[in-house]
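S.K.: First the structure, then my questions, so here it is.
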Amino acid sequence: MSSTAPQIDYEKIKGVHKIPLEELYTSGHRTCQGCESATTMRGFIKVAGSRTVVTGATGCMYVANTSYLTTPWIVPWMHTQLGAGGSSAVGMAAGLRALKRKGKIKDEKINVINFSGDLGAGDMGIGGISAALQSDYDLLIIMYDNESAANTDIQATGLTTFGAQTTFTPPGTKHPIMQRRWKKNVAGMLAVGHPTCRYVATACATFPPTDYLNKVQKALAIGGPTFIHTYDPCPKGWDYHPRFSNELGELGIKCGIYPLYEIVDGNIIYTWDARKTGKGRIPVKEFLTKQGRFDHLQEEHFTHIQKMVDTMWDEWEMPGVAPIKGILKARV
Ligand SMILES: Cc1ncc(C[n+]2csc(CCOP(=O)(O)OP(=O)(O)O)c2C)c(N)n1
Ligand code: SF4
Ligand SMILES: [Mg+2]
């Protein structure tokens, strides 16, 4: 059944020259050169603006951003425990609501944004985020996904790509593939499981240009609890030269391994869709062979990964969202 896209009243950024110039995440951080997660941070706060409070779970984006009493944040931010992203956002939003109700602060829109990593949000903190998405508070949770527990030296998480080398999954001659789990589908799981959450999206900070920023704008404009999953190439963990971060994000989307979509009030919109470009998806191997973490893969592994990606796009009813292939007329 087709339905029309709901109209959301938000200020759309039309082109990179319209991106706000003001920096609210600025110098003073110690992330690696080419860290896409830092770009994710810089981007969301640019569009959210100064009337924003940020909570950040333990991980690279907390540790590298607050070394030795320095910080790049120009807005109020608070560190929270690994896995406590959802509850920290609920607590912050509840506190602000109470202060407004008591007349202790002006009754104005103050954005509450939590960022948590793929381990912090997608594995350890998934319960708290689920609770946050069932709440009636105005908050946005951004899961920045660099596909590892990067801060503690690149351990595999539930979101690490199949076959990747990490410190938990070193390849050997007998078992070349130690990371045998398929990437956990966090955005889809949260969208499907929280019918009153009005906005869930996947994004990449740099591709397509302004897409991520507009998704943040839209989530904040829609209000209530909302969720965005960002795909963040990490030069250290993915093992490539820092100059290629943007390119890798783009390749990950163009090969289809990381689908870009948003779900607004139950309507799915594929925000980059190879089926509509007329060119089709690029081979997954083109994306994988540009990263040292896949150097040990053999032809059969590339074939397997390609098949999984093809199945998702060609057989799932909602590619990227839920691995449901159809409704059968009779019992199997
Ligand atoms: C309860 C708990 N367990 C383990 C740690 C150690 N630790 C700190 S950061 C981190 C990795 C977090 O990974 P992720 O959420 O993906 O963020 P990233 O480091 O990749 O940015 C771990 C395991 C911790 N701080 N708290
Ligand atoms: S390890 Fe990866 S996520 Fe962490 S600061 Fe470096 S590039 Fe960024
Ligand atoms: Mg991580």
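Within each chain, counting starts at residue 1; across the structure tokens, chains are named A, B, ... in the order shown, with ligands numbered 1 upward in that order.
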Using only C-alpha atoms, determine which residues lie at most 10 Å from segment 125-141 of chain A, disregarding the query and same-chain residues fewer than 4 positions distant; provide the list as a PDB file with N, CA and C atoms, in the first residue's frame.
M.R.:
ATOM      1  N   VAL A  53      20.978  20.995  25.099  1.00  0.00           N
ATOM      2  CA  VAL A  53      21.779  20.323  26.118  1.00  0.00           C
ATOM      3  C   VAL A  53      22.136  18.938  25.568  1.00  0.00           C
ATOM      4  N   VAL A  54      23.395  18.571  25.701  1.00  0.00           N
ATOM      5  CA  VAL A  54      23.864  17.301  25.127  1.00  0.00           C
ATOM      6  C   VAL A  54      24.294  16.363  26.248  1.00  0.00           C
ATOM      7  N   THR A  55      23.899  15.100  26.146  1.00  0.00           N
ATOM      8  CA  THR A  55      24.475  14.104  27.048  1.00  0.00           C
ATOM      9  C   THR A  55      25.224  13.085  26.182  1.00  0.00           C
ATOM     10  N   GLY A  56      26.364  12.636  26.656  1.00  0.00           N
ATOM     11  CA  GLY A  56      27.180  11.736  25.844  1.00  0.00           C
ATOM     12  C   GLY A  56      27.633  10.537  26.648  1.00  0.00           C
ATOM     13  N   ALA A  57      27.392   9.355  26.085  1.00  0.00           N
ATOM     14  CA  ALA A  57      27.814   8.137  26.774  1.00  0.00           C
ATOM     15  C   ALA A  57      29.318   7.935  26.607  1.00  0.00           C
ATOM     16  N   GLN A  81      27.073   7.334  31.762  1.00  0.00           N
ATOM     17  CA  GLN A  81      27.679   5.998  31.685  1.00  0.00           C
ATOM     18  C   GLN A  81      27.428   5.320  30.348  1.00  0.00           C
ATOM     19  N   LEU A  82      28.364   4.497  29.962  1.00  0.00           N
ATOM     20  CA  LEU A  82      28.187   3.662  28.786  1.00  0.00           C
ATOM     21  C   LEU A  82      26.881   2.866  28.970  1.00  0.00           C
ATOM     22  N   GLY A  83      25.994   2.972  28.048  1.00  0.00           N
ATOM     23  CA  GLY A  83      24.730   2.232  28.156  1.00  0.00           C
ATOM     24  C   GLY A  83      23.615   3.034  28.796  1.00  0.00           C
ATOM     25  N   ALA A  84      23.897   4.255  29.259  1.00  0.00           N
ATOM     26  CA  ALA A  84      22.858   5.039  29.940  1.00  0.00           C
ATOM     27  C   ALA A  84      22.364   6.209  29.077  1.00  0.00           C
ATOM     28  N   GLY A  85      22.595   6.129  27.780  1.00  0.00           N
ATOM     29  CA  GLY A  85      22.196   7.237  26.896  1.00  0.00           C
ATOM     30  C   GLY A  85      20.716   7.562  26.990  1.00  0.00           C
ATOM     31  N   GLY A  86      19.881   6.536  26.919  1.00  0.00           N
ATOM     32  CA  GLY A  86      18.425   6.748  26.932  1.00  0.00           C
ATOM     33  C   GLY A  86      17.969   7.365  28.240  1.00  0.00           C
ATOM     34  N   SER A  87      18.431   6.789  29.352  1.00  0.00           N
ATOM     35  CA  SER A  87      17.954   7.310  30.639  1.00  0.00           C
ATOM     36  C   SER A  87      18.505   8.704  30.915  1.00  0.00           C
ATOM     37  N   SER A  88      19.708   8.995  30.432  1.00  0.00           N
ATOM     38  CA  SER A  88      20.245  10.347  30.655  1.00  0.00           C
ATOM     39  C   SER A  88      19.412  11.371  29.892  1.00  0.00           C
ATOM     40  N   ALA A  89      18.970  11.005  28.699  1.00  0.00           N
ATOM     41  CA  ALA A  89      18.154  11.943  27.910  1.00  0.00           C
ATOM     42  C   ALA A  89      16.796  12.145  28.565  1.00  0.00           C
ATOM     43  N   VAL A  90      16.193  11.054  29.040  1.00  0.00           N
ATOM     44  CA  VAL A  90      14.898  11.175  29.722  1.00  0.00           C
ATOM     45  C   VAL A  90      15.048  12.035  30.976  1.00  0.00           C
ATOM     46  N   GLY A  91      16.089  11.781  31.759  1.00  0.00           N
ATOM     47  CA  GLY A  91      16.301  12.547  32.984  1.00  0.00           C
ATOM     48  C   GLY A  91      16.496  14.028  32.698  1.00  0.00           C
ATOM     49  N   MET A  92      17.291  14.299  31.658  1.00  0.00           N
ATOM     50  CA  MET A  92      17.551  15.702  31.313  1.00  0.00           C
ATOM     51  C   MET A  92      16.261  16.385  30.846  1.00  0.00           C
ATOM     52  N   ALA A  93      15.507  15.700  29.993  1.00  0.00           N
ATOM     53  CA  ALA A  93      14.264  16.288  29.469  1.00  0.00           C
ATOM     54  C   ALA A  93      13.254  16.478  30.598  1.00  0.00           C
ATOM     55  N   ALA A  94      13.183  15.513  31.521  1.00  0.00           N
ATOM     56  CA  ALA A  94      12.243  15.616  32.645  1.00  0.00           C
ATOM     57  C   ALA A  94      12.632  16.783  33.550  1.00  0.00           C
ATOM     58  N   ARG A  97      11.679  20.020  31.896  1.00  0.00           N
ATOM     59  CA  ARG A  97      10.220  20.212  31.936  1.00  0.00           C
ATOM     60  C   ARG A  97       9.789  20.711  33.325  1.00  0.00           C
ATOM     61  N   LYS A 109      11.732  26.191  23.732  1.00  0.00           N
ATOM     62  CA  LYS A 109      12.197  24.870  23.289  1.00  0.00           C
ATOM     63  C   LYS A 109      13.693  24.736  23.568  1.00  0.00           C
ATOM     64  N   ILE A 110      14.030  23.745  24.351  1.00  0.00           N
ATOM     65  CA  ILE A 110      15.445  23.424  24.570  1.00  0.00           C
ATOM     66  C   ILE A 110      15.637  21.982  24.091  1.00  0.00           C
ATOM     67  N   ASN A 111      16.502  21.820  23.113  1.00  0.00           N
ATOM     68  CA  ASN A 111      16.723  20.474  22.574  1.00  0.00           C
ATOM     69  C   ASN A 111      17.529  19.633  23.559  1.00  0.00           C
ATOM     70  N   VAL A 112      17.119  18.400  23.710  1.00  0.00           N
ATOM     71  CA  VAL A 112      17.917  17.446  24.494  1.00  0.00           C
ATOM     72  C   VAL A 112      18.395  16.366  23.526  1.00  0.00           C
ATOM     73  N   ILE A 113      19.711  16.260  23.403  1.00  0.00           N
ATOM     74  CA  ILE A 113      20.272  15.284  22.460  1.00  0.00           C
ATOM     75  C   ILE A 113      21.267  14.392  23.192  1.00  0.00           C
ATOM     76  N   ASN A 114      21.081  13.117  23.043  1.00  0.00           N
ATOM     77  CA  ASN A 114      22.076  12.172  23.564  1.00  0.00           C
ATOM     78  C   ASN A 114      22.830  11.562  22.392  1.00  0.00           C
ATOM     79  N   PHE A 115      24.157  11.428  22.542  1.00  0.00           N
ATOM     80  CA  PHE A 115      24.890  10.615  21.572  1.00  0.00           C
ATOM     81  C   PHE A 115      25.503   9.436  22.305  1.00  0.00           C
ATOM     82  N   SER A 116      25.384   8.278  21.704  1.00  0.00           N
ATOM     83  CA  SER A 116      25.974   7.056  22.254  1.00  0.00           C
ATOM     84  C   SER A 116      26.534   6.253  21.088  1.00  0.00           C
ATOM     85  N   GLY A 117      27.592   5.495  21.328  1.00  0.00           N
ATOM     86  CA  GLY A 117      28.219   4.714  20.266  1.00  0.00           C
ATOM     87  C   GLY A 117      27.446   3.444  19.955  1.00  0.00           C
ATOM     88  N   ASP A 118      27.981   2.667  19.031  1.00  0.00           N
ATOM     89  CA  ASP A 118      27.285   1.438  18.629  1.00  0.00           C
ATOM     90  C   ASP A 118      27.264   0.424  19.777  1.00  0.00           C
ATOM     91  N   LEU A 119      28.353   0.380  20.559  1.00  0.00           N
ATOM     92  CA  LEU A 119      28.297  -0.510  21.726  1.00  0.00           C
ATOM     93  C   LEU A 119      27.370   0.087  22.789  1.00  0.00           C
ATOM     94  N   GLY A 120      27.577   1.374  23.071  1.00  0.00           N
ATOM     95  CA  GLY A 120      26.808   2.035  24.129  1.00  0.00           C
ATOM     96  C   GLY A 120      25.315   2.063  23.848  1.00  0.00           C
ATOM     97  N   ALA A 121      24.945   2.324  22.593  1.00  0.00           N
ATOM     98  CA  ALA A 121      23.513   2.420  22.259  1.00  0.00           C
ATOM     99  C   ALA A 121      22.958   1.095  21.754  1.00  0.00           C
ATOM    100  N   VAL A 186      19.701  -1.855  14.208  1.00  0.00           N
ATOM    101  CA  VAL A 186      19.181  -1.124  15.371  1.00  0.00           C
ATOM    102  C   VAL A 186      18.064  -0.139  15.005  1.00  0.00           C
ATOM    103  N   MET A 189      14.920  -2.025  14.167  1.00  0.00           N
ATOM    104  CA  MET A 189      14.359  -2.642  15.377  1.00  0.00           C
ATOM    105  C   MET A 189      13.628  -1.600  16.225  1.00  0.00           C
ATOM    106  N   LEU A 190      14.223  -0.435  16.356  1.00  0.00           N
ATOM    107  CA  LEU A 190      13.600   0.602  17.186  1.00  0.00           C
ATOM    108  C   LEU A 190      12.348   1.161  16.508  1.00  0.00           C
ATOM    109  N   ALA A 191      12.412   1.300  15.193  1.00  0.00           N
ATOM    110  CA  ALA A 191      11.239   1.840  14.483  1.00  0.00           C
ATOM    111  C   ALA A 191      10.068   0.862  14.587  1.00  0.00           C
ATOM    112  N   GLY A 193       9.559  -1.450  16.759  1.00  0.00           N
ATOM    113  CA  GLY A 193       9.125  -1.755  18.120  1.00  0.00           C
ATOM    114  C   GLY A 193       8.507  -0.596  18.884  1.00  0.00           C
ATOM    115  N   HIS A 194       8.500   0.600  18.298  1.00  0.00           N
ATOM    116  CA  HIS A 194       8.004   1.773  19.051  1.00  0.00           C
ATOM    117  C   HIS A 194       7.027   2.567  18.197  1.00  0.00           C
ATOM    118  N   PRO A 195       5.794   2.084  18.128  1.00  0.00           N
ATOM    119  CA  PRO A 195       4.834   2.688  17.193  1.00  0.00           C
ATOM    120  C   PRO A 195       4.537   4.166  17.441  1.00  0.00           C
ATOM    121  N   THR A 196       4.795   4.665  18.647  1.00  0.00           N
ATOM    122  CA  THR A 196       4.486   6.082  18.875  1.00  0.00           C
ATOM    123  C   THR A 196       5.703   6.990  18.668  1.00  0.00           C
ATOM    124  N   CYS A 197       6.828   6.394  18.335  1.00  0.00           N
ATOM    125  CA  CYS A 197       8.011   7.213  18.016  1.00  0.00           C
ATOM    126  C   CYS A 197       7.831   7.698  16.575  1.00  0.00           C
ATOM    127  N   ARG A 198       7.804   9.003  16.381  1.00  0.00           N
ATOM    128  CA  ARG A 198       7.390   9.540  15.075  1.00  0.00           C
ATOM    129  C   ARG A 198       8.521   9.616  14.060  1.00  0.00           C
ATOM    130  N   TYR A 199       9.765   9.515  14.534  1.00  0.00           N
ATOM    131  CA  TYR A 199      10.862   9.696  13.565  1.00  0.00           C
ATOM    132  C   TYR A 199      12.063   8.818  13.908  1.00  0.00           C
ATOM    133  N   VAL A 200      12.426   7.965  12.961  1.00  0.00           N
ATOM    134  CA  VAL A 200      13.648   7.154  13.060  1.00  0.00           C
ATOM    135  C   VAL A 200      14.355   7.267  11.709  1.00  0.00           C
ATOM    136  N   VAL A 216      18.503  15.683  11.189  1.00  0.00           N
ATOM    137  CA  VAL A 216      18.535  16.187  12.573  1.00  0.00           C
ATOM    138  C   VAL A 216      17.499  17.302  12.730  1.00  0.00           C
ATOM    139  N   ALA A 219      14.057  15.716  12.856  1.00  0.00           N
ATOM    140  CA  ALA A 219      13.795  15.016  14.129  1.00  0.00           C
ATOM    141  C   ALA A 219      13.463  16.024  15.225  1.00  0.00           C
ATOM    142  N   LEU A 220      14.225  17.103  15.282  1.00  0.00           N
ATOM    143  CA  LEU A 220      13.998  18.097  16.336  1.00  0.00           C
ATOM    144  C   LEU A 220      12.680  18.836  16.121  1.00  0.00           C
ATOM    145  N   ALA A 221      12.339  19.047  14.858  1.00  0.00           N
ATOM    146  CA  ALA A 221      11.077  19.752  14.569  1.00  0.00           C
ATOM    147  C   ALA A 221       9.871  18.870  14.897  1.00  0.00           C
ATOM    148  N   ILE A 222       9.976  17.601  14.604  1.00  0.00           N
ATOM    149  CA  ILE A 222       8.865  16.679  14.891  1.00  0.00           C
ATOM    150  C   ILE A 222       8.651  16.562  16.398  1.00  0.00           C
ATOM    151  N   GLY A 223       9.743  16.527  17.132  1.00  0.00           N
ATOM    152  CA  GLY A 223       9.651  16.488  18.591  1.00  0.00           C
ATOM    153  C   GLY A 223       9.246  15.122  19.112  1.00  0.00           C
ATOM    154  N   GLY A 224       9.117  15.050  20.428  1.00  0.00           N
ATOM    155  CA  GLY A 224       8.900  13.749  21.059  1.00  0.00           C
ATOM    156  C   GLY A 224      10.206  12.990  21.001  1.00  0.00           C
ATOM    157  N   PRO A 225      10.197  11.725  21.430  1.00  0.00           N
ATOM    158  CA  PRO A 225      11.448  10.969  21.347  1.00  0.00           C
ATOM    159  C   PRO A 225      11.725  10.546  19.904  1.00  0.00           C
ATOM    160  N   THR A 226      12.929  10.784  19.432  1.00  0.00           N
ATOM    161  CA  THR A 226      13.303  10.448  18.045  1.00  0.00           C
ATOM    162  C   THR A 226      14.696   9.810  18.057  1.00  0.00           C
ATOM    163  N   PHE A 227      15.032   9.149  16.940  1.00  0.00           N
ATOM    164  CA  PHE A 227      16.281   8.376  16.919  1.00  0.00           C
ATOM    165  C   PHE A 227      16.935   8.458  15.544  1.00  0.00           C
ATOM    166  N   ILE A 228      18.247   8.688  15.540  1.00  0.00           N
ATOM    167  CA  ILE A 228      19.013   8.665  14.280  1.00  0.00           C
ATOM    168  C   ILE A 228      20.254   7.789  14.474  1.00  0.00           C
ATOM    169  N   HIS A 229      20.461   6.911  13.513  1.00  0.00           N
ATOM    170  CA  HIS A 229      21.652   6.047  13.487  1.00  0.00           C
ATOM    171  C   HIS A 229      22.602   6.618  12.431  1.00  0.00           C
TER     172      HIS A 229
END
S.K.: Dump the neighbourhood of ligand 3 as a ChimeraX atom specification: all residues within 12 Å, distances computed on only C-alpha atoms and all ligand atoms.
M.R.: /A:35-37,57-62,82-83,115-124,143-160,166,229-234,236-238
S.K.: How far is it from atom CA of Lys174 of chain A to atom 20 (O, counted along the ligand's line) of ligand 1, in Å with one decimal?
M.R.: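 Pair atom CA of Lys174 of chain A / atom 20 (O, counted along the ligand's line) of ligand 1 returns 28.5 Å.
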S.K.: Just asking: which residues within segment 70-307 of chain A are strand (DSSP E or B) according to DSSP, as a short mmCIF file (atom, residue, chain, number, x, y, z; two decimals) with C-alpha atoms, in the first residue's frame?
M.R.:
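Result file follows (states19.cif):
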data_model
loop_
_atom_site.label_atom_id
_atom_site.label_comp_id
_atom_site.auth_asym_id
_atom_site.auth_seq_id
_atom_site.Cartn_x
_atom_site.Cartn_y
_atom_site.Cartn_z
CA TRP A 73 31.54 21.74 23.27
CA TRP A 77 26.91 18.78 27.91
CA MET A 78 27.07 16.00 30.43
CA HIS A 79 28.89 12.70 30.43
CA THR A 80 26.82 9.64 31.19
CA ASN A 111 16.72 20.47 22.57
CA VAL A 112 17.92 17.45 24.49
CA ILE A 113 20.27 15.28 22.46
CA ASN A 114 22.08 12.17 23.56
CA PHE A 115 24.89 10.62 21.57
CA SER A 116 25.97 7.06 22.25
CA GLY A 117 28.22 4.71 20.27
CA LEU A 139 14.56 14.21 22.98
CA LEU A 140 16.77 12.97 20.17
CA ILE A 141 19.13 10.03 20.47
CA ILE A 142 21.95 9.77 17.95
CA MET A 143 23.74 6.44 17.78
CA TYR A 144 27.12 7.15 16.17
CA ASP A 145 28.26 3.87 14.69
CA ALA A 149 34.21 -0.30 20.72
CA GLN A 155 36.58 -4.59 19.88
CA TYR A 199 10.86 9.70 13.56
CA VAL A 200 13.65 7.15 13.06
CA ALA A 201 16.38 7.60 10.45
CA THR A 202 19.73 6.34 9.28
CA ALA A 203 22.31 8.82 8.03
CA PRO A 225 11.45 10.97 21.35
CA THR A 226 13.30 10.45 18.04
CA PHE A 227 16.28 8.38 16.92
CA ILE A 228 19.01 8.67 14.28
CA HIS A 229 21.65 6.05 13.49
CA THR A 230 24.76 7.49 11.82
CA TYR A 231 27.35 5.49 9.88
CA LEU A 260 19.73 5.26 4.07
CA TYR A 261 16.13 5.88 5.03
CA GLU A 262 13.85 7.75 7.33
CA ILE A 263 10.57 6.65 8.82
CA VAL A 264 8.22 9.55 9.46
CA ASN A 267 6.11 6.13 6.23
CA ILE A 268 9.47 4.89 4.92
CA ILE A 269 11.39 7.15 2.59
CA TYR A 270 14.63 5.82 1.09
CA THR A 271 16.78 8.92 1.06
CA TRP A 272 19.41 7.40 -1.24
#
S.K.: Residues within 6 Å of segment 40-46 of chain A, please, as a list in words. Count only C-alpha atoms; anything in the same chain fewer than 2 positions from it doesn't count.
M.R.: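 The contact residues come out as Tyr25, Ser37, Ala38, Ala48, Gly49 and Ala205 of chain A.
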S.K.: Could you write out the selected residues, including N, CA and C atoms, as a CSV table (one decimal), in the first residue's frame?
M.R.:
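Result file is again_23.csv:
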chain,number,residue,atom,x,y,z
A,25,TYR,N,30.7,22.9,18.3
A,25,TYR,CA,31.7,21.9,18.6
A,25,TYR,C,32.9,22.3,17.8
A,37,SER,N,33.1,10.4,13.2
A,37,SER,CA,32.2,10.7,14.3
A,37,SER,C,32.3,12.1,14.8
A,38,ALA,N,33.5,12.7,14.7
A,38,ALA,CA,33.6,14.1,15.1
A,38,ALA,C,32.8,15.0,14.2
A,48,ALA,N,21.3,22.1,15.5
A,48,ALA,CA,20.4,22.2,16.8
A,48,ALA,C,20.5,23.5,17.4
A,49,GLY,N,21.7,24.1,17.3
A,49,GLY,CA,21.9,25.5,17.9
A,49,GLY,C,22.2,25.5,19.3
A,205,ALA,N,27.2,11.4,8.0
A,205,ALA,CA,27.5,12.9,8.2
A,205,ALA,C,27.8,13.6,6.9
S.K.: With distances taken over only C-alpha atoms, which residue among A:Gln217, A:Thr206, A:Asn185, A:Thr66 lies nearest Ala322 of chain A?
M.R.: A:Asn185
S.K.: Could you give me the residues within segment 42-288 of chain A that DSSP places in alpha helix (DSSP H), as a PyMOL selection string?
M.R.: chain A and resi 42-48+60-63+85-101+126-133+186-193+211-222+235-238+245-254+274-277+284-288
S.K.: For the residues in the current selection, export C-alpha atoms as a short mmCIF file (atom, residue, chain, number, x, y, z; two decimals), in the first residue's frame.
M.R.:
data_model
loop_
_atom_site.label_atom_id
_atom_site.label_comp_id
_atom_site.auth_asym_id
_atom_site.auth_seq_id
_atom_site.Cartn_x
_atom_site.Cartn_y
_atom_site.Cartn_z
CA ARG A 42 29.93 18.97 14.73
CA GLY A 43 27.01 18.64 12.34
CA PHE A 44 24.19 17.93 14.75
CA ILE A 45 25.04 20.79 17.05
CA LYS A 46 25.38 23.22 14.15
CA VAL A 47 21.75 22.67 13.22
CA ALA A 48 20.42 22.15 16.75
CA CYS A 60 35.54 7.96 21.81
CA MET A 61 33.15 10.89 21.56
CA TYR A 62 33.24 11.39 25.29
CA VAL A 63 36.83 10.50 26.08
CA GLY A 85 22.20 7.24 26.90
CA GLY A 86 18.43 6.75 26.93
CA SER A 87 17.95 7.31 30.64
CA SER A 88 20.24 10.35 30.65
CA ALA A 89 18.15 11.94 27.91
CA VAL A 90 14.90 11.18 29.72
CA GLY A 91 16.30 12.55 32.98
CA MET A 92 17.55 15.70 31.31
CA ALA A 93 14.26 16.29 29.47
CA ALA A 94 12.24 15.62 32.64
CA GLY A 95 14.41 18.03 34.62
CA LEU A 96 13.97 20.78 32.03
CA ARG A 97 10.22 20.21 31.94
CA ALA A 98 10.00 20.51 35.73
CA LEU A 99 12.09 23.69 35.79
CA LYS A 100 9.84 25.24 33.14
CA ARG A 101 6.67 24.18 34.97
CA ILE A 126 19.30 -0.64 23.91
CA GLY A 127 16.89 -1.15 26.85
CA GLY A 128 17.26 2.43 28.07
CA ILE A 129 16.81 3.77 24.54
CA SER A 130 13.70 1.66 24.12
CA ALA A 131 12.28 3.19 27.31
CA ALA A 132 13.20 6.69 26.09
CA LEU A 133 11.39 6.08 22.78
CA VAL A 186 19.18 -1.12 15.37
CA ALA A 187 17.24 1.65 13.60
CA GLY A 188 14.82 -0.85 12.07
CA MET A 189 14.36 -2.64 15.38
CA LEU A 190 13.60 0.60 17.19
CA ALA A 191 11.24 1.84 14.48
CA VAL A 192 9.30 -1.40 14.36
CA GLY A 193 9.13 -1.75 18.12
CA ASP A 211 21.07 14.83 4.20
CA TYR A 212 22.19 14.15 7.78
CA LEU A 213 21.79 17.76 8.86
CA ASN A 214 18.27 17.86 7.48
CA LYS A 215 17.41 14.65 9.29
CA VAL A 216 18.54 16.19 12.57
CA GLN A 217 16.48 19.31 11.81
CA LYS A 218 13.47 17.18 11.01
CA ALA A 219 13.80 15.02 14.13
CA LEU A 220 14.00 18.10 16.34
CA ALA A 221 11.08 19.75 14.57
CA ILE A 222 8.87 16.68 14.89
CA PRO A 235 40.33 5.38 10.13
CA LYS A 236 41.81 3.64 13.15
CA GLY A 237 39.35 0.78 13.43
CA TRP A 238 38.63 0.33 9.73
CA SER A 245 36.61 8.86 5.49
CA ASN A 246 34.01 10.68 3.42
CA GLU A 247 34.63 8.40 0.45
CA LEU A 248 34.14 5.28 2.56
CA GLY A 249 30.84 6.53 3.93
CA GLU A 250 29.67 7.17 0.39
CA LEU A 251 30.84 3.75 -0.84
CA GLY A 252 29.13 2.02 2.10
CA ILE A 253 25.85 3.60 1.05
CA LYS A 254 26.34 3.13 -2.70
CA ALA A 274 20.35 2.87 -6.06
CA ARG A 275 17.16 1.45 -7.59
CA LYS A 276 16.21 4.97 -8.61
CA THR A 277 19.59 6.14 -9.93
CA VAL A 284 30.30 -4.57 -2.02
CA LYS A 285 33.86 -5.74 -2.67
CA GLU A 286 34.75 -2.24 -3.89
CA PHE A 287 33.88 -0.90 -0.46
CA LEU A 288 35.45 -3.71 1.56
#
